[in-house]
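Below is one structure; the comments refer to it alone.
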Amino acid sequence: MTKRVLMMLTSVDTLGDSGVSNGFNAAEASHPWVVFRAAGFGIDVASTAGGQPPRDEVDLSDPDQAVFFAEAAQKLAHTPKPSDIDPAGYHAIFFVGGHSTMWDFPDNTELASLARAIYESGGVVAAVCHGPAALIGLTLSDGSFLVDGKRVAAFTKSEEIAGGMINIIPFVLSERLTAQGAHHIPASDWSENVVRDGRLVTGQNPASARAAAREVVMALAQ
């Protein structure tokens with residue numbers, strides 16, 4: 001059976017009241033896309049509000065981005081929203097990052113419902129950079145937080161400070177995950193860092209997107 005993965009994108013185009021434009025991080029979508037395609041996966045793309053999601057840090061000199069924006073053009077133009085999606089059709093959900101996700105991924109009941117259904121049917125939940133914001137408030141059927149007791153990676157406070165975003169973001173992602181019982185495993189700023197704990201895969205930053213996708217492929221091969 002062909003494995004199918006759902007890539008979830010933010011629909012937020014501005015960071016709060018800062019006036020800073022944003023959207024899904026192009027590298028964090030394109031690098032996993034190429035990995036999943038090479039593995040023979042079927043890939044669908046969705047966004048929190050549906051329609052065409054905003055994008056950030058597009059660089060078409062990156063071969064993977066060039067491939068992604070060419071191959072996914074029609075999917076990106078008409079993404080479904082979570083309530084349109086049947087989770088039974090997917091073996092994994094991959095939450096793509098971008099600072100915008102800090103506004104529409106946390107405590108999102110529709111995203112949580114999708115991820116819970118995929119995870120509890122034996123699938124993989126994965127997220128990279130700020131994508132783990134989708135794990136905030138994500139509970140399993142028994143009421144426990146998905147991340148409780150699990151090792152995770154996510155964009156770090158140090159990276160927020162280094163990137164000049166610490167006074168714009170609504171919260172520090174690693175701290176919110178830790179408050180739900182996660183064991184945050186940081187690496188040095190901007191370095192590749194992927195943590196897999198069972199069927200939960202998380203990556204720290206854009207440099208971790210490709211490796212996070214490879215971990216999803218390996219998890220689904222078992």
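Each chain in the structure tokens gets a letter, A, B and so on, in the order shown; residues start at 1 in every chain, and ligands are counted from 1 in the order they appear.
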
Nearby residues (only C-alpha atoms) at most 12 Å from Asn167 (chain A), same-chain spacing under 3 positions excluded, as JSON, numbers by chain: {"A": [15, 16, 17, 18, 157, 160, 161, 162, 163, 164, 170, 171, 172]}

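Near region 23-39 of chain A, within 6 Å and counting only C-alpha atoms, sit Leu9, Thr10, Val12, Asp13, Pro54, Arg55, Asp56, Glu57, Val58, Asp64, Gln65, Phe68, Val96, Gly97, Gly98, Ser100, Pro206, Ala209, Arg210 and Ala213 of chain A; same-chain residues fewer than 3 positions away were not included.
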
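Counting only C-alpha atoms and comparing A:Arg116, A:Val128, A:Pro186, A:Val195, the residue that lies closest to Lys150 (chain A) is A:Val195.
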
All strand (DSSP E) residues (DSSP, backbone) inside chain A, as a count of residues only: 37

Selection near Ile93 (chain A), 6 Å with only C-alpha atoms, sequence-local residues under 5 positions removed, as an NGL selection string: :A and (5-7 or 125)

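What separates CA of Gly203 (chain A) from CA of Val152 (chain A) is a distance of 7.8 Å.
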
Non-local contacts of Gly51 (chain A) (10 Å; only C-alpha atoms; under 2 positions in same chain excluded) as a ChimeraX atom specification: /A:11,46-49,53-54,75-81

File dump, residues just selected, C-alpha atoms, as an mmCIF file, in the first residue's frame:
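The resulting file, result_12.cif, is shown below:
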data_model
loop_
_atom_site.group_PDB
_atom_site.id
_atom_site.type_symbol
_atom_site.label_atom_id
_atom_site.label_comp_id
_atom_site.auth_asym_id
_atom_site.auth_seq_id
_atom_site.Cartn_x
_atom_site.Cartn_y
_atom_site.Cartn_z
ATOM 1 C CA SER A 11 -2.723 30.348 6.994
ATOM 2 C CA ALA A 46 -3.628 21.429 3.657
ATOM 3 C CA SER A 47 -3.772 24.686 5.590
ATOM 4 C CA THR A 48 -5.598 25.846 8.666
ATOM 5 C CA ALA A 49 -8.016 28.110 6.746
ATOM 6 C CA PRO A 53 -1.570 29.723 2.173
ATOM 7 C CA PRO A 54 1.034 32.485 2.560
ATOM 8 C CA LYS A 75 -2.339 21.768 -4.473
ATOM 9 C CA LEU A 76 -1.122 25.036 -2.939
ATOM 10 C CA ALA A 77 -3.660 27.074 -4.886
ATOM 11 C CA HIS A 78 -6.590 25.158 -3.405
ATOM 12 C CA THR A 79 -5.602 23.618 -0.061
ATOM 13 C CA PRO A 80 -8.381 22.030 1.986
ATOM 14 C CA LYS A 81 -8.905 23.008 5.594
#

Ala154 (chain A) surroundings by only C-alpha atoms, 9 Å radius, close-in-sequence under 5 positions cut, as a count of residues only: 19

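Coordinates place CA of Ala126 (chain A) at a distance of 24.2 Å from CA of Thr14 (chain A).
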
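One finds CA of Gly42 (chain A) at 20.0 Å from CA of Ser83 (chain A).
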
Helix (DSSP H, G or I) positions in region 54-173 of chain A, given as a PyMOL selection string: chain A and resi 63-71+73-77+82-84+87-89+101-104+109-120+131-135+157-162+173

I need the residues from that last selection saved to file as a short mmCIF file (atom, residue, chain, number, x, y, z; two decimals), in the first residue's frame (with N, CA and C atoms), if you can.
data_model
loop_
_atom_site.label_atom_id
_atom_site.label_comp_id
_atom_site.auth_asym_id
_atom_site.auth_seq_id
_atom_site.Cartn_x
_atom_site.Cartn_y
_atom_site.Cartn_z
N PRO A 63 17.19 23.90 -5.33
CA PRO A 63 16.54 22.95 -6.24
C PRO A 63 15.29 22.30 -5.66
N ASP A 64 15.31 22.01 -4.37
CA ASP A 64 14.13 21.38 -3.76
C ASP A 64 12.94 22.33 -3.75
N GLN A 65 13.19 23.61 -3.50
CA GLN A 65 12.10 24.57 -3.55
C GLN A 65 11.56 24.71 -4.97
N ALA A 66 12.44 24.71 -5.94
CA ALA A 66 11.99 24.81 -7.33
C ALA A 66 11.10 23.63 -7.69
N VAL A 67 11.49 22.43 -7.26
CA VAL A 67 10.68 21.24 -7.51
C VAL A 67 9.34 21.34 -6.78
N PHE A 68 9.39 21.70 -5.52
CA PHE A 68 8.17 21.77 -4.72
C PHE A 68 7.15 22.75 -5.30
N PHE A 69 7.58 23.97 -5.59
CA PHE A 69 6.63 24.97 -6.05
C PHE A 69 6.11 24.67 -7.46
N ALA A 70 6.86 23.88 -8.23
CA ALA A 70 6.36 23.44 -9.53
C ALA A 70 5.38 22.29 -9.37
N GLU A 71 5.76 21.28 -8.62
CA GLU A 71 4.93 20.09 -8.49
C GLU A 71 3.68 20.32 -7.65
N ALA A 73 2.07 23.24 -7.16
CA ALA A 73 1.40 24.51 -7.46
C ALA A 73 -0.12 24.41 -7.36
N GLN A 74 -0.69 23.39 -7.97
CA GLN A 74 -2.15 23.27 -7.95
C GLN A 74 -2.66 22.93 -6.55
N LYS A 75 -1.94 22.10 -5.84
CA LYS A 75 -2.34 21.77 -4.47
C LYS A 75 -2.30 23.01 -3.59
N LEU A 76 -1.26 23.84 -3.76
CA LEU A 76 -1.12 25.04 -2.94
C LEU A 76 -2.19 26.07 -3.26
N ALA A 77 -2.66 26.08 -4.48
CA ALA A 77 -3.66 27.07 -4.89
C ALA A 77 -5.03 26.79 -4.27
N PRO A 82 -8.71 21.68 7.64
CA PRO A 82 -8.74 20.43 8.40
C PRO A 82 -10.10 19.74 8.41
N SER A 83 -11.18 20.51 8.49
CA SER A 83 -12.50 19.89 8.57
C SER A 83 -12.90 19.19 7.27
N ASP A 84 -12.16 19.44 6.19
CA ASP A 84 -12.45 18.80 4.90
C ASP A 84 -11.74 17.46 4.76
N PRO A 87 -8.95 11.76 8.14
CA PRO A 87 -7.63 11.29 8.61
C PRO A 87 -7.36 9.83 8.28
N ALA A 88 -8.40 9.06 8.00
CA ALA A 88 -8.20 7.64 7.70
C ALA A 88 -7.39 7.45 6.42
N GLY A 89 -7.27 8.49 5.62
CA GLY A 89 -6.53 8.37 4.37
C GLY A 89 -5.04 8.60 4.50
N THR A 101 2.94 29.88 12.42
CA THR A 101 2.26 28.77 13.07
C THR A 101 2.02 29.01 14.56
N MET A 102 2.78 29.92 15.14
CA MET A 102 2.63 30.23 16.57
C MET A 102 1.27 30.87 16.86
N TRP A 103 0.60 31.35 15.79
CA TRP A 103 -0.70 31.98 15.97
C TRP A 103 -1.87 31.05 15.64
N ASP A 104 -1.72 30.12 14.70
CA ASP A 104 -2.90 29.32 14.34
C ASP A 104 -2.76 27.82 14.58
N THR A 109 -8.31 22.79 17.79
CA THR A 109 -9.02 21.52 17.98
C THR A 109 -9.13 20.71 16.70
N GLU A 110 -9.23 21.38 15.56
CA GLU A 110 -9.33 20.65 14.30
C GLU A 110 -8.00 19.98 13.94
N LEU A 111 -6.90 20.69 14.14
CA LEU A 111 -5.59 20.08 13.91
C LEU A 111 -5.36 18.93 14.88
N ALA A 112 -5.73 19.15 16.13
CA ALA A 112 -5.54 18.11 17.14
C ALA A 112 -6.34 16.87 16.80
N SER A 113 -7.54 17.06 16.33
CA SER A 113 -8.39 15.92 15.97
C SER A 113 -7.77 15.10 14.84
N LEU A 114 -7.24 15.78 13.83
CA LEU A 114 -6.58 15.08 12.72
C LEU A 114 -5.37 14.30 13.22
N ALA A 115 -4.50 14.99 13.95
CA ALA A 115 -3.27 14.35 14.41
C ALA A 115 -3.57 13.19 15.36
N ARG A 116 -4.53 13.38 16.25
CA ARG A 116 -4.91 12.31 17.19
C ARG A 116 -5.37 11.07 16.43
N ALA A 117 -6.22 11.27 15.45
CA ALA A 117 -6.76 10.13 14.70
C ALA A 117 -5.66 9.38 13.96
N ILE A 118 -4.75 10.12 13.35
CA ILE A 118 -3.65 9.48 12.63
C ILE A 118 -2.73 8.74 13.59
N TYR A 119 -2.40 9.38 14.71
CA TYR A 119 -1.49 8.78 15.68
C TYR A 119 -2.11 7.53 16.32
N GLU A 120 -3.36 7.62 16.70
CA GLU A 120 -3.99 6.51 17.41
C GLU A 120 -4.34 5.34 16.47
N GLY A 131 6.65 24.27 13.68
CA GLY A 131 5.54 23.33 13.48
C GLY A 131 5.09 22.63 14.74
N PRO A 132 6.02 22.33 15.70
CA PRO A 132 5.58 21.70 16.95
C PRO A 132 4.60 22.54 17.75
N ALA A 133 4.33 23.78 17.33
CA ALA A 133 3.26 24.55 17.97
C ALA A 133 1.93 23.81 17.87
N ALA A 134 1.79 22.95 16.85
CA ALA A 134 0.57 22.16 16.70
C ALA A 134 0.42 21.12 17.81
N LEU A 135 1.52 20.80 18.49
CA LEU A 135 1.47 19.82 19.57
C LEU A 135 0.94 20.42 20.87
N LYS A 157 14.64 29.01 22.31
CA LYS A 157 14.64 30.40 22.76
C LYS A 157 15.90 31.11 22.28
N SER A 158 17.01 30.40 22.31
CA SER A 158 18.27 30.98 21.85
C SER A 158 18.18 31.40 20.39
N GLU A 159 17.54 30.58 19.57
CA GLU A 159 17.39 30.91 18.15
C GLU A 159 16.43 32.08 17.96
N GLU A 160 15.39 32.17 18.80
CA GLU A 160 14.47 33.32 18.72
C GLU A 160 15.23 34.61 19.03
N ILE A 161 16.07 34.57 20.04
CA ILE A 161 16.86 35.75 20.41
C ILE A 161 17.83 36.11 19.28
N ALA A 162 18.53 35.10 18.78
CA ALA A 162 19.50 35.33 17.72
C ALA A 162 18.85 35.88 16.46
N LEU A 173 8.23 28.54 22.32
CA LEU A 173 7.68 27.23 21.98
C LEU A 173 8.18 26.12 22.90
#

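Comparing the minimum interatomic distances between Met8 (chain A) and each of A:Asp148, A:Tyr90, A:Asp44, A:Asn22, counting only C-alpha atoms, we find that A:Asp44 sits nearest.
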